[in-house]
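Student: Structure file model-v4.txt, compact mmCIF, N, CA and C atoms, is pasted below:
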# COMPACT_ATOMS: atom_id res chain seq x y z
N MET A 1 127.13 87.78 108.32
CA MET A 1 126.72 87.27 109.60
C MET A 1 125.25 86.87 109.53
N ARG A 2 124.92 85.77 110.17
CA ARG A 2 123.54 85.30 110.24
C ARG A 2 123.13 85.24 111.71
N THR A 3 121.93 85.72 112.00
CA THR A 3 121.41 85.68 113.37
C THR A 3 119.93 85.30 113.32
N SER A 4 119.37 85.04 114.49
CA SER A 4 117.94 84.74 114.55
C SER A 4 117.10 86.01 114.67
N ALA A 5 117.72 87.15 114.87
CA ALA A 5 116.98 88.41 114.98
C ALA A 5 116.36 88.76 113.63
N ARG A 6 115.07 89.05 113.62
CA ARG A 6 114.37 89.36 112.37
C ARG A 6 114.74 90.73 111.83
N ASN A 7 115.16 91.63 112.69
CA ASN A 7 115.45 93.00 112.29
C ASN A 7 116.96 93.25 112.37
N HIS A 8 117.55 93.44 111.20
CA HIS A 8 118.99 93.65 111.09
C HIS A 8 119.20 94.90 110.25
N PHE A 9 119.81 95.91 110.85
CA PHE A 9 120.02 97.19 110.17
C PHE A 9 121.52 97.46 110.07
N THR A 10 122.01 97.79 108.88
CA THR A 10 123.41 98.14 108.72
C THR A 10 123.52 99.64 108.48
N GLY A 11 124.64 100.19 108.89
CA GLY A 11 124.84 101.62 108.70
C GLY A 11 126.12 102.08 109.35
N GLN A 12 126.11 103.34 109.80
CA GLN A 12 127.28 103.94 110.45
C GLN A 12 126.86 104.58 111.76
N ILE A 13 127.77 104.53 112.72
CA ILE A 13 127.56 105.22 113.98
C ILE A 13 127.64 106.72 113.70
N THR A 14 126.66 107.47 114.19
CA THR A 14 126.68 108.93 114.01
C THR A 14 126.99 109.66 115.30
N GLU A 15 126.74 108.98 116.44
CA GLU A 15 126.99 109.65 117.72
C GLU A 15 127.12 108.61 118.82
N VAL A 16 128.02 108.89 119.75
CA VAL A 16 128.14 108.09 120.98
C VAL A 16 128.18 109.07 122.14
N LYS A 17 127.21 108.96 123.03
CA LYS A 17 127.18 109.76 124.26
C LYS A 17 127.63 108.85 125.39
N HIS A 18 128.79 109.17 125.96
CA HIS A 18 129.39 108.32 126.98
C HIS A 18 128.79 108.61 128.35
N GLY A 19 128.58 107.54 129.10
CA GLY A 19 128.13 107.64 130.48
C GLY A 19 129.02 106.79 131.35
N ALA A 20 128.83 106.87 132.66
CA ALA A 20 129.66 106.11 133.59
C ALA A 20 129.41 104.61 133.45
N VAL A 21 128.16 104.22 133.22
CA VAL A 21 127.80 102.81 133.12
C VAL A 21 127.35 102.46 131.71
N ASN A 22 126.45 103.26 131.15
CA ASN A 22 125.89 103.01 129.82
C ASN A 22 126.24 104.13 128.86
N ASP A 23 126.33 103.79 127.59
CA ASP A 23 126.51 104.77 126.52
C ASP A 23 125.28 104.73 125.63
N GLU A 24 124.93 105.88 125.07
CA GLU A 24 123.84 105.96 124.09
C GLU A 24 124.49 106.07 122.72
N VAL A 25 124.14 105.12 121.86
CA VAL A 25 124.75 105.02 120.54
C VAL A 25 123.68 105.22 119.48
N THR A 26 123.94 106.08 118.50
CA THR A 26 123.01 106.29 117.39
C THR A 26 123.64 105.76 116.12
N LEU A 27 122.88 104.89 115.44
CA LEU A 27 123.31 104.30 114.18
C LEU A 27 122.37 104.80 113.09
N ARG A 28 122.92 105.38 112.02
CA ARG A 28 122.11 105.77 110.87
C ARG A 28 122.19 104.65 109.85
N THR A 29 121.02 104.10 109.51
CA THR A 29 120.97 102.97 108.59
C THR A 29 121.11 103.43 107.15
N GLN A 30 121.30 102.46 106.27
CA GLN A 30 121.39 102.75 104.85
C GLN A 30 120.08 103.33 104.32
N ASP A 31 118.96 103.07 105.03
CA ASP A 31 117.66 103.62 104.64
C ASP A 31 117.41 104.99 105.25
N GLY A 32 118.37 105.51 106.02
CA GLY A 32 118.23 106.84 106.61
C GLY A 32 117.53 106.85 107.96
N LEU A 33 117.28 105.69 108.55
CA LEU A 33 116.70 105.65 109.89
C LEU A 33 117.78 105.86 110.93
N ASP A 34 117.44 106.56 112.00
CA ASP A 34 118.34 106.66 113.14
C ASP A 34 117.85 105.69 114.20
N ILE A 35 118.69 104.71 114.53
CA ILE A 35 118.38 103.71 115.55
C ILE A 35 119.21 104.06 116.78
N VAL A 36 118.54 104.23 117.93
CA VAL A 36 119.23 104.56 119.18
C VAL A 36 119.33 103.30 120.03
N ALA A 37 120.52 103.04 120.54
CA ALA A 37 120.77 101.90 121.42
C ALA A 37 121.40 102.39 122.71
N VAL A 38 121.08 101.73 123.80
CA VAL A 38 121.77 101.96 125.06
C VAL A 38 122.51 100.67 125.39
N ILE A 39 123.84 100.76 125.43
CA ILE A 39 124.68 99.60 125.72
C ILE A 39 125.66 99.99 126.82
N THR A 40 126.32 99.00 127.40
CA THR A 40 127.28 99.33 128.46
C THR A 40 128.46 100.10 127.88
N HIS A 41 129.03 100.92 128.74
CA HIS A 41 130.21 101.69 128.33
C HIS A 41 131.34 100.74 127.94
N GLY A 42 131.47 99.64 128.67
CA GLY A 42 132.51 98.66 128.35
C GLY A 42 132.33 98.05 126.97
N SER A 43 131.08 97.77 126.59
CA SER A 43 130.82 97.22 125.26
C SER A 43 131.15 98.23 124.18
N ALA A 44 130.74 99.48 124.37
CA ALA A 44 131.03 100.52 123.38
C ALA A 44 132.53 100.68 123.19
N THR A 45 133.26 100.61 124.29
CA THR A 45 134.72 100.74 124.23
C THR A 45 135.34 99.54 123.52
N SER A 46 134.92 98.32 123.90
CA SER A 46 135.54 97.13 123.30
C SER A 46 135.21 97.00 121.82
N LEU A 47 134.06 97.54 121.39
CA LEU A 47 133.71 97.53 119.97
C LEU A 47 134.35 98.68 119.20
N GLY A 48 134.95 99.62 119.92
CA GLY A 48 135.58 100.77 119.28
C GLY A 48 134.58 101.70 118.62
N LEU A 49 133.41 101.85 119.24
CA LEU A 49 132.36 102.65 118.62
C LEU A 49 132.70 104.14 118.66
N ALA A 50 132.57 104.78 117.51
CA ALA A 50 132.81 106.21 117.36
C ALA A 50 132.09 106.66 116.10
N ALA A 51 131.81 107.94 116.00
CA ALA A 51 131.14 108.49 114.82
C ALA A 51 131.90 108.09 113.57
N GLY A 52 131.16 107.61 112.56
CA GLY A 52 131.74 107.23 111.29
C GLY A 52 132.06 105.75 111.16
N LYS A 53 132.05 105.01 112.27
CA LYS A 53 132.39 103.59 112.22
C LYS A 53 131.22 102.78 111.67
N PRO A 54 131.46 101.89 110.71
CA PRO A 54 130.41 101.00 110.22
C PRO A 54 129.98 100.05 111.34
N ALA A 55 128.69 99.79 111.43
CA ALA A 55 128.17 98.91 112.47
C ALA A 55 126.81 98.39 112.02
N PHE A 56 126.22 97.54 112.86
CA PHE A 56 124.87 97.06 112.59
C PHE A 56 124.09 97.02 113.89
N ALA A 57 122.77 97.02 113.76
CA ALA A 57 121.88 96.95 114.91
C ALA A 57 120.94 95.77 114.72
N LEU A 58 120.70 95.03 115.79
CA LEU A 58 119.78 93.90 115.78
C LEU A 58 118.65 94.16 116.77
N VAL A 59 117.42 93.83 116.35
CA VAL A 59 116.26 93.97 117.23
C VAL A 59 115.38 92.75 117.01
N LYS A 60 115.11 92.01 118.08
CA LYS A 60 114.22 90.86 117.96
C LYS A 60 112.80 91.33 117.66
N ALA A 61 112.10 90.62 116.82
CA ALA A 61 110.74 90.98 116.44
C ALA A 61 109.81 90.99 117.64
N SER A 62 110.09 90.16 118.64
CA SER A 62 109.25 90.13 119.84
C SER A 62 109.44 91.35 120.72
N SER A 63 110.48 92.16 120.45
CA SER A 63 110.71 93.39 121.21
C SER A 63 110.04 94.60 120.57
N VAL A 64 109.42 94.42 119.41
CA VAL A 64 108.80 95.52 118.68
C VAL A 64 107.32 95.61 119.05
N ILE A 65 106.89 96.81 119.38
CA ILE A 65 105.49 97.10 119.70
C ILE A 65 104.90 97.84 118.51
N LEU A 66 103.68 97.50 118.13
CA LEU A 66 103.01 98.21 117.03
C LEU A 66 101.93 99.12 117.60
N MET A 67 101.79 100.28 116.96
CA MET A 67 100.82 101.26 117.41
C MET A 67 100.11 101.86 116.20
N VAL A 68 98.81 102.08 116.35
CA VAL A 68 98.03 102.82 115.35
C VAL A 68 97.43 104.01 116.07
N ASP A 69 96.89 104.97 115.31
CA ASP A 69 96.36 106.19 115.93
C ASP A 69 97.40 106.76 116.89
N SER A 70 98.61 106.94 116.37
CA SER A 70 99.76 107.22 117.20
C SER A 70 99.74 108.59 117.85
N THR A 71 100.46 108.64 118.94
CA THR A 71 100.75 109.87 119.65
C THR A 71 102.26 110.03 119.70
N ASP A 72 102.74 111.24 119.81
CA ASP A 72 104.18 111.45 119.88
C ASP A 72 104.71 111.24 121.29
N LYS A 73 103.84 110.95 122.23
CA LYS A 73 104.26 110.85 123.62
C LYS A 73 104.40 109.39 124.05
N VAL A 74 105.55 108.81 123.73
CA VAL A 74 105.90 107.48 124.20
C VAL A 74 107.34 107.54 124.69
N SER A 75 107.69 106.68 125.64
CA SER A 75 109.03 106.74 126.21
C SER A 75 110.07 106.02 125.36
N ALA A 76 109.66 105.14 124.47
CA ALA A 76 110.61 104.41 123.64
C ALA A 76 111.32 105.35 122.69
N ARG A 77 112.63 105.19 122.55
CA ARG A 77 113.44 106.09 121.72
C ARG A 77 113.30 105.82 120.23
N ASN A 78 112.94 104.61 119.84
CA ASN A 78 112.90 104.24 118.42
C ASN A 78 111.46 104.09 117.97
N ARG A 79 111.09 104.89 116.99
CA ARG A 79 109.73 104.84 116.44
C ARG A 79 109.81 105.04 114.94
N VAL A 80 109.24 104.08 114.21
CA VAL A 80 109.28 104.14 112.75
C VAL A 80 107.85 104.06 112.23
N ALA A 81 107.38 105.15 111.64
CA ALA A 81 106.04 105.17 111.07
C ALA A 81 106.09 104.58 109.67
N GLY A 82 105.02 103.86 109.31
CA GLY A 82 105.01 103.26 107.98
C GLY A 82 103.69 102.62 107.66
N THR A 83 103.76 101.65 106.76
CA THR A 83 102.59 100.96 106.25
C THR A 83 102.80 99.45 106.41
N VAL A 84 101.76 98.76 106.84
CA VAL A 84 101.84 97.31 106.95
C VAL A 84 101.93 96.72 105.55
N THR A 85 102.94 95.88 105.33
CA THR A 85 103.10 95.25 104.02
C THR A 85 102.81 93.76 104.05
N ALA A 86 102.76 93.17 105.25
CA ALA A 86 102.46 91.74 105.35
C ALA A 86 101.99 91.40 106.75
N VAL A 87 101.01 90.50 106.83
CA VAL A 87 100.56 89.92 108.09
C VAL A 87 100.51 88.42 107.89
N THR A 88 101.33 87.70 108.65
CA THR A 88 101.35 86.24 108.58
C THR A 88 100.84 85.70 109.91
N LYS A 89 99.64 85.11 109.87
CA LYS A 89 99.03 84.62 111.10
C LYS A 89 99.46 83.21 111.42
N GLY A 90 99.71 82.97 112.71
CA GLY A 90 99.98 81.64 113.22
C GLY A 90 98.83 81.25 114.14
N ALA A 91 99.03 80.21 114.93
CA ALA A 91 97.98 79.73 115.83
C ALA A 91 97.68 80.74 116.93
N VAL A 92 98.69 81.41 117.46
CA VAL A 92 98.53 82.36 118.56
C VAL A 92 99.02 83.75 118.19
N ASN A 93 100.18 83.81 117.52
CA ASN A 93 100.82 85.08 117.17
C ASN A 93 100.85 85.30 115.67
N SER A 94 101.06 86.56 115.31
CA SER A 94 101.23 86.93 113.91
C SER A 94 102.55 87.69 113.75
N GLU A 95 103.14 87.54 112.57
CA GLU A 95 104.27 88.37 112.20
C GLU A 95 103.73 89.48 111.32
N VAL A 96 104.03 90.72 111.71
CA VAL A 96 103.57 91.88 110.96
C VAL A 96 104.80 92.64 110.48
N ILE A 97 104.84 92.95 109.19
CA ILE A 97 105.94 93.72 108.61
C ILE A 97 105.45 95.13 108.35
N VAL A 98 106.20 96.11 108.85
CA VAL A 98 105.90 97.53 108.62
C VAL A 98 107.05 98.10 107.79
N ALA A 99 106.72 98.77 106.69
CA ALA A 99 107.73 99.41 105.84
C ALA A 99 107.63 100.92 105.99
N SER A 100 108.77 101.56 106.22
CA SER A 100 108.81 103.02 106.32
C SER A 100 108.79 103.62 104.92
N ALA A 101 108.60 104.92 104.85
CA ALA A 101 108.60 105.61 103.56
C ALA A 101 109.93 105.47 102.85
N SER A 102 111.04 105.32 103.63
CA SER A 102 112.37 105.18 103.03
C SER A 102 112.65 103.76 102.57
N GLY A 103 111.75 102.83 102.89
CA GLY A 103 111.93 101.45 102.46
C GLY A 103 112.42 100.50 103.52
N ALA A 104 112.79 101.00 104.68
CA ALA A 104 113.21 100.13 105.77
C ALA A 104 112.03 99.27 106.22
N GLN A 105 112.30 98.01 106.53
CA GLN A 105 111.25 97.11 106.98
C GLN A 105 111.54 96.65 108.40
N ILE A 106 110.49 96.60 109.21
CA ILE A 106 110.61 96.15 110.59
C ILE A 106 109.57 95.08 110.83
N ALA A 107 110.02 93.94 111.37
CA ALA A 107 109.13 92.83 111.69
C ALA A 107 108.77 92.88 113.17
N ALA A 108 107.50 92.63 113.46
CA ALA A 108 107.02 92.55 114.84
C ALA A 108 106.24 91.25 115.01
N ILE A 109 106.39 90.63 116.16
CA ILE A 109 105.59 89.47 116.51
C ILE A 109 104.62 89.91 117.59
N ILE A 110 103.33 89.86 117.28
CA ILE A 110 102.29 90.25 118.23
C ILE A 110 101.18 89.20 118.20
N THR A 111 100.31 89.25 119.18
CA THR A 111 99.24 88.25 119.23
C THR A 111 98.23 88.48 118.12
N ASN A 112 97.56 87.41 117.73
CA ASN A 112 96.49 87.53 116.73
C ASN A 112 95.39 88.46 117.25
N GLU A 113 95.14 88.40 118.54
CA GLU A 113 94.13 89.28 119.14
C GLU A 113 94.50 90.75 118.93
N SER A 114 95.78 91.08 119.08
CA SER A 114 96.23 92.46 118.86
C SER A 114 96.12 92.86 117.40
N VAL A 115 96.40 91.94 116.49
CA VAL A 115 96.25 92.24 115.06
C VAL A 115 94.80 92.64 114.78
N GLU A 116 93.87 91.87 115.31
CA GLU A 116 92.44 92.16 115.10
C GLU A 116 92.02 93.46 115.77
N ARG A 117 92.43 93.63 117.03
CA ARG A 117 92.04 94.82 117.80
C ARG A 117 92.55 96.10 117.15
N LEU A 118 93.77 96.04 116.59
CA LEU A 118 94.36 97.22 115.95
C LEU A 118 93.93 97.38 114.49
N GLY A 119 93.27 96.37 113.95
CA GLY A 119 92.84 96.43 112.56
C GLY A 119 93.99 96.40 111.58
N LEU A 120 95.04 95.65 111.90
CA LEU A 120 96.21 95.62 111.03
C LEU A 120 95.98 94.72 109.83
N ALA A 121 96.24 95.26 108.66
CA ALA A 121 96.11 94.54 107.40
C ALA A 121 97.03 95.22 106.39
N ASN A 122 97.31 94.54 105.29
CA ASN A 122 98.13 95.14 104.24
C ASN A 122 97.59 96.52 103.87
N GLY A 123 98.47 97.51 103.87
CA GLY A 123 98.09 98.86 103.49
C GLY A 123 97.70 99.75 104.65
N SER A 124 97.52 99.20 105.85
CA SER A 124 97.13 100.06 106.98
C SER A 124 98.36 100.75 107.56
N ALA A 125 98.13 101.93 108.11
CA ALA A 125 99.21 102.70 108.73
C ALA A 125 99.49 102.15 110.11
N ALA A 126 100.77 102.11 110.47
CA ALA A 126 101.18 101.65 111.79
C ALA A 126 102.57 102.20 112.10
N SER A 127 102.88 102.27 113.37
CA SER A 127 104.23 102.65 113.80
C SER A 127 104.84 101.49 114.57
N ALA A 128 106.10 101.21 114.29
CA ALA A 128 106.87 100.20 115.01
C ALA A 128 107.71 100.91 116.05
N ILE A 129 107.62 100.44 117.28
CA ILE A 129 108.29 101.10 118.41
C ILE A 129 109.13 100.07 119.16
N PHE A 130 110.35 100.46 119.52
CA PHE A 130 111.17 99.60 120.36
C PHE A 130 112.12 100.45 121.19
N LYS A 131 112.39 99.96 122.40
CA LYS A 131 113.24 100.68 123.33
C LYS A 131 114.70 100.59 122.93
N ALA A 132 115.46 101.60 123.28
CA ALA A 132 116.90 101.62 123.01
C ALA A 132 117.61 100.46 123.69
N SER A 133 117.10 100.03 124.82
CA SER A 133 117.72 98.91 125.54
C SER A 133 117.45 97.56 124.87
N SER A 134 116.57 97.53 123.87
CA SER A 134 116.29 96.30 123.13
C SER A 134 117.17 96.15 121.89
N VAL A 135 118.03 97.11 121.66
CA VAL A 135 118.87 97.12 120.46
C VAL A 135 120.26 96.57 120.79
N ILE A 136 120.74 95.64 119.98
CA ILE A 136 122.09 95.10 120.11
C ILE A 136 122.92 95.72 118.98
N ILE A 137 124.06 96.26 119.34
CA ILE A 137 124.98 96.87 118.35
C ILE A 137 126.13 95.90 118.12
N GLY A 138 126.53 95.76 116.86
CA GLY A 138 127.67 94.92 116.53
C GLY A 138 128.52 95.55 115.45
N VAL A 139 129.73 95.05 115.35
CA VAL A 139 130.65 95.46 114.28
C VAL A 139 131.25 94.20 113.68
N ASP A 140 131.70 94.27 112.45
CA ASP A 140 132.37 93.12 111.84
C ASP A 140 133.75 92.97 112.47
N ALA A 141 134.13 91.73 112.69
CA ALA A 141 135.42 91.45 113.35
C ALA A 141 136.58 91.72 112.41
Show me the file's structure as structure tokens.

Tutor:
Amino acid sequence: MRTSARNHFTGQITEVKHGAVNDEVTLRTQDGLDIVAVITHGSATSLGLAAGKPAFALVKASSVILMVDSTDKVSARNRVAGTVTAVTKGAVNSEVIVASASGAQIAAIITNESVERLGLANGSAASAIFKASSVIIGVDA
């Protein structure tokens, strides 16, 4: 499958917590990351999501927030600490790649001003953060 989402994680569903309207789905990636998604109960049912089922998660790079000098107190469910491996500057925005210790890579699109303010450069520590509601879960047909 090909998509425009810069962040594509494959793995297996490890948990589904059912709710009346939304379900919370946890996907463990091949790199050992746990990605939490909140999707509608109807979507989880129609996809047949259950523990052990192969699936993938998509996250647009524009939905990823980068943080340095991190604190553990943020409301976003997904946080991946790592090291900046690439910064590609454009006219207004930059693409920043953060690699976790396990090798997972997450792309974020942030303003050039934010890159400078945060001091992001190859080798600097950063955390990639994204909300569970920003995650799209899919399965192969």

Student: Give me the residues near A:Val21 as number ranges by chain, where near means some atom within 7 Å (using only N, CA and C atoms) and where sequence neighbours in that chain fewer than 2 positions away do not count.

Tutor: A: 18-19, 23, 39-42

Student: When distances are computed from only C-alpha atoms, which of A:Leu27, A:Ala76, A:Ala91, A:Leu66 shows the smallest separation from A:Ser127?

Tutor: A:Leu66

Student: So for stretch 90-104 of chain A, what box centre and size do we get, axis-aligned, 3 Å extra on each of the six sides, every listed atom, Å to one decimal, as lines of an AutoDock Vina configuration file?

Tutor:
center_x = 105.4
center_y = 92.7
center_z = 110.5
size_x = 21.5
size_y = 31.9
size_z = 22.1

Student: As an exercise, work out the distance from atom N of A:Ile106 to atom C of A:Thr3 in Å and give it to one decimal place.

Tutor: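 According to the coordinates, atom N of A:Ile106 and atom C of A:Thr3 are separated by 15.3 Å.
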
Student: Just checking: using only C-alpha atoms, which residue out of A:Thr26, A:Ser75, A:Ser134, A:Asn112 ends up closest to A:Val92?

Tutor: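 Among the listed residues, the smallest separation from A:Val92 belongs to A:Asn112.
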
Student: Record the distance separating atom C of A:Gly48 and atom C of A:Met1, expressed in Å with one decimal.

Tutor: 19.7 Å

Student: Identify which of the residues A:Leu47, A:Lys60, A:Gly82, A:Ala125 lies closest to A:Ile109, counting only C-alpha atoms when measuring atom-to-atom distances.

Tutor: A:Lys60

Student: What's the separation between atom N of A:Phe9 and atom CA of A:Ile97, in Å to one decimal place?

Tutor: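 Pair atom N of A:Phe9 / atom CA of A:Ile97 returns 14.2 Å.
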
Student: Run DSSP on the backbone and give me the residues of chain A it puts in alpha helix (DSSP H), as an NGL selection string.

Tutor: :A and (41-47 or 112-118)

Student: So, counting only N, CA and C atoms, which residue among A:Ala101, A:Leu120, A:Val135, A:Ala126 is closest to A:Ser70?

Tutor: A:Ala126

Student: Run DSSP on the backbone and give me the residues of chain A it puts in strand (DSSP E or B), as a ChimeraX atom specification.

Tutor: /A:7-17,22-29,34-40,54-59,65-67,78-89,93-100,105-111,125-130,136-138

Student: Which residues, written as a short mmCIF file (atom, residue, chain, number, x, y, z; two decimals) with N, CA and C atoms, in the coordinates of the input, have at least one atom at most 8 Å from A:Ile35, with all atoms listed in the file counted and residues fewer than 4 positions away on the same chain left out?

Tutor:
data_model
loop_
_atom_site.label_atom_id
_atom_site.label_comp_id
_atom_site.auth_asym_id
_atom_site.auth_seq_id
_atom_site.Cartn_x
_atom_site.Cartn_y
_atom_site.Cartn_z
N VAL A 25 124.14 105.12 121.86
CA VAL A 25 124.75 105.02 120.54
C VAL A 25 123.68 105.22 119.48
N THR A 26 123.94 106.08 118.50
CA THR A 26 123.01 106.29 117.39
C THR A 26 123.64 105.76 116.12
N LEU A 27 122.88 104.89 115.44
CA LEU A 27 123.31 104.30 114.18
C LEU A 27 122.37 104.80 113.09
N ARG A 28 122.92 105.38 112.02
CA ARG A 28 122.11 105.77 110.87
C ARG A 28 122.19 104.65 109.85
N THR A 29 121.02 104.10 109.51
CA THR A 29 120.97 102.97 108.59
C THR A 29 121.11 103.43 107.15
N ALA A 57 122.77 97.02 113.76
CA ALA A 57 121.88 96.95 114.91
C ALA A 57 120.94 95.77 114.72
N ARG A 77 112.63 105.19 122.55
CA ARG A 77 113.44 106.09 121.72
C ARG A 77 113.30 105.82 120.23
N ASN A 78 112.94 104.61 119.84
CA ASN A 78 112.90 104.24 118.42
C ASN A 78 111.46 104.09 117.97
N ARG A 79 111.09 104.89 116.99
CA ARG A 79 109.73 104.84 116.44
C ARG A 79 109.81 105.04 114.94
N ALA A 132 115.46 101.60 123.28
CA ALA A 132 116.90 101.62 123.01
C ALA A 132 117.61 100.46 123.69
N VAL A 135 118.03 97.11 121.66
CA VAL A 135 118.87 97.12 120.46
C VAL A 135 120.26 96.57 120.79
#

Student: May I ask which of the residues A:Thr85, A:Asn93, A:Ser63, A:Thr111 is the closest one to A:Phe130, counting all atoms listed in the file?

Tutor: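 Of the candidates, the smallest distance to A:Phe130 is held by A:Ser63.
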
Student: Could you check which residues have any atom within 9 Å of (96.3, 95.1, 112.7), counting only C-alpha atoms with coordinates taken straight from the file, and then list them as a list in words?

Tutor: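 Output: Leu66, Met67, Val68, Val84, Val87, Val96, Asn112, Glu113, Ser114, Val115, Glu116, Arg117, Leu118, Gly119, Leu120, Ala121, Asn122, Ser124 and Ala126 of chain A.
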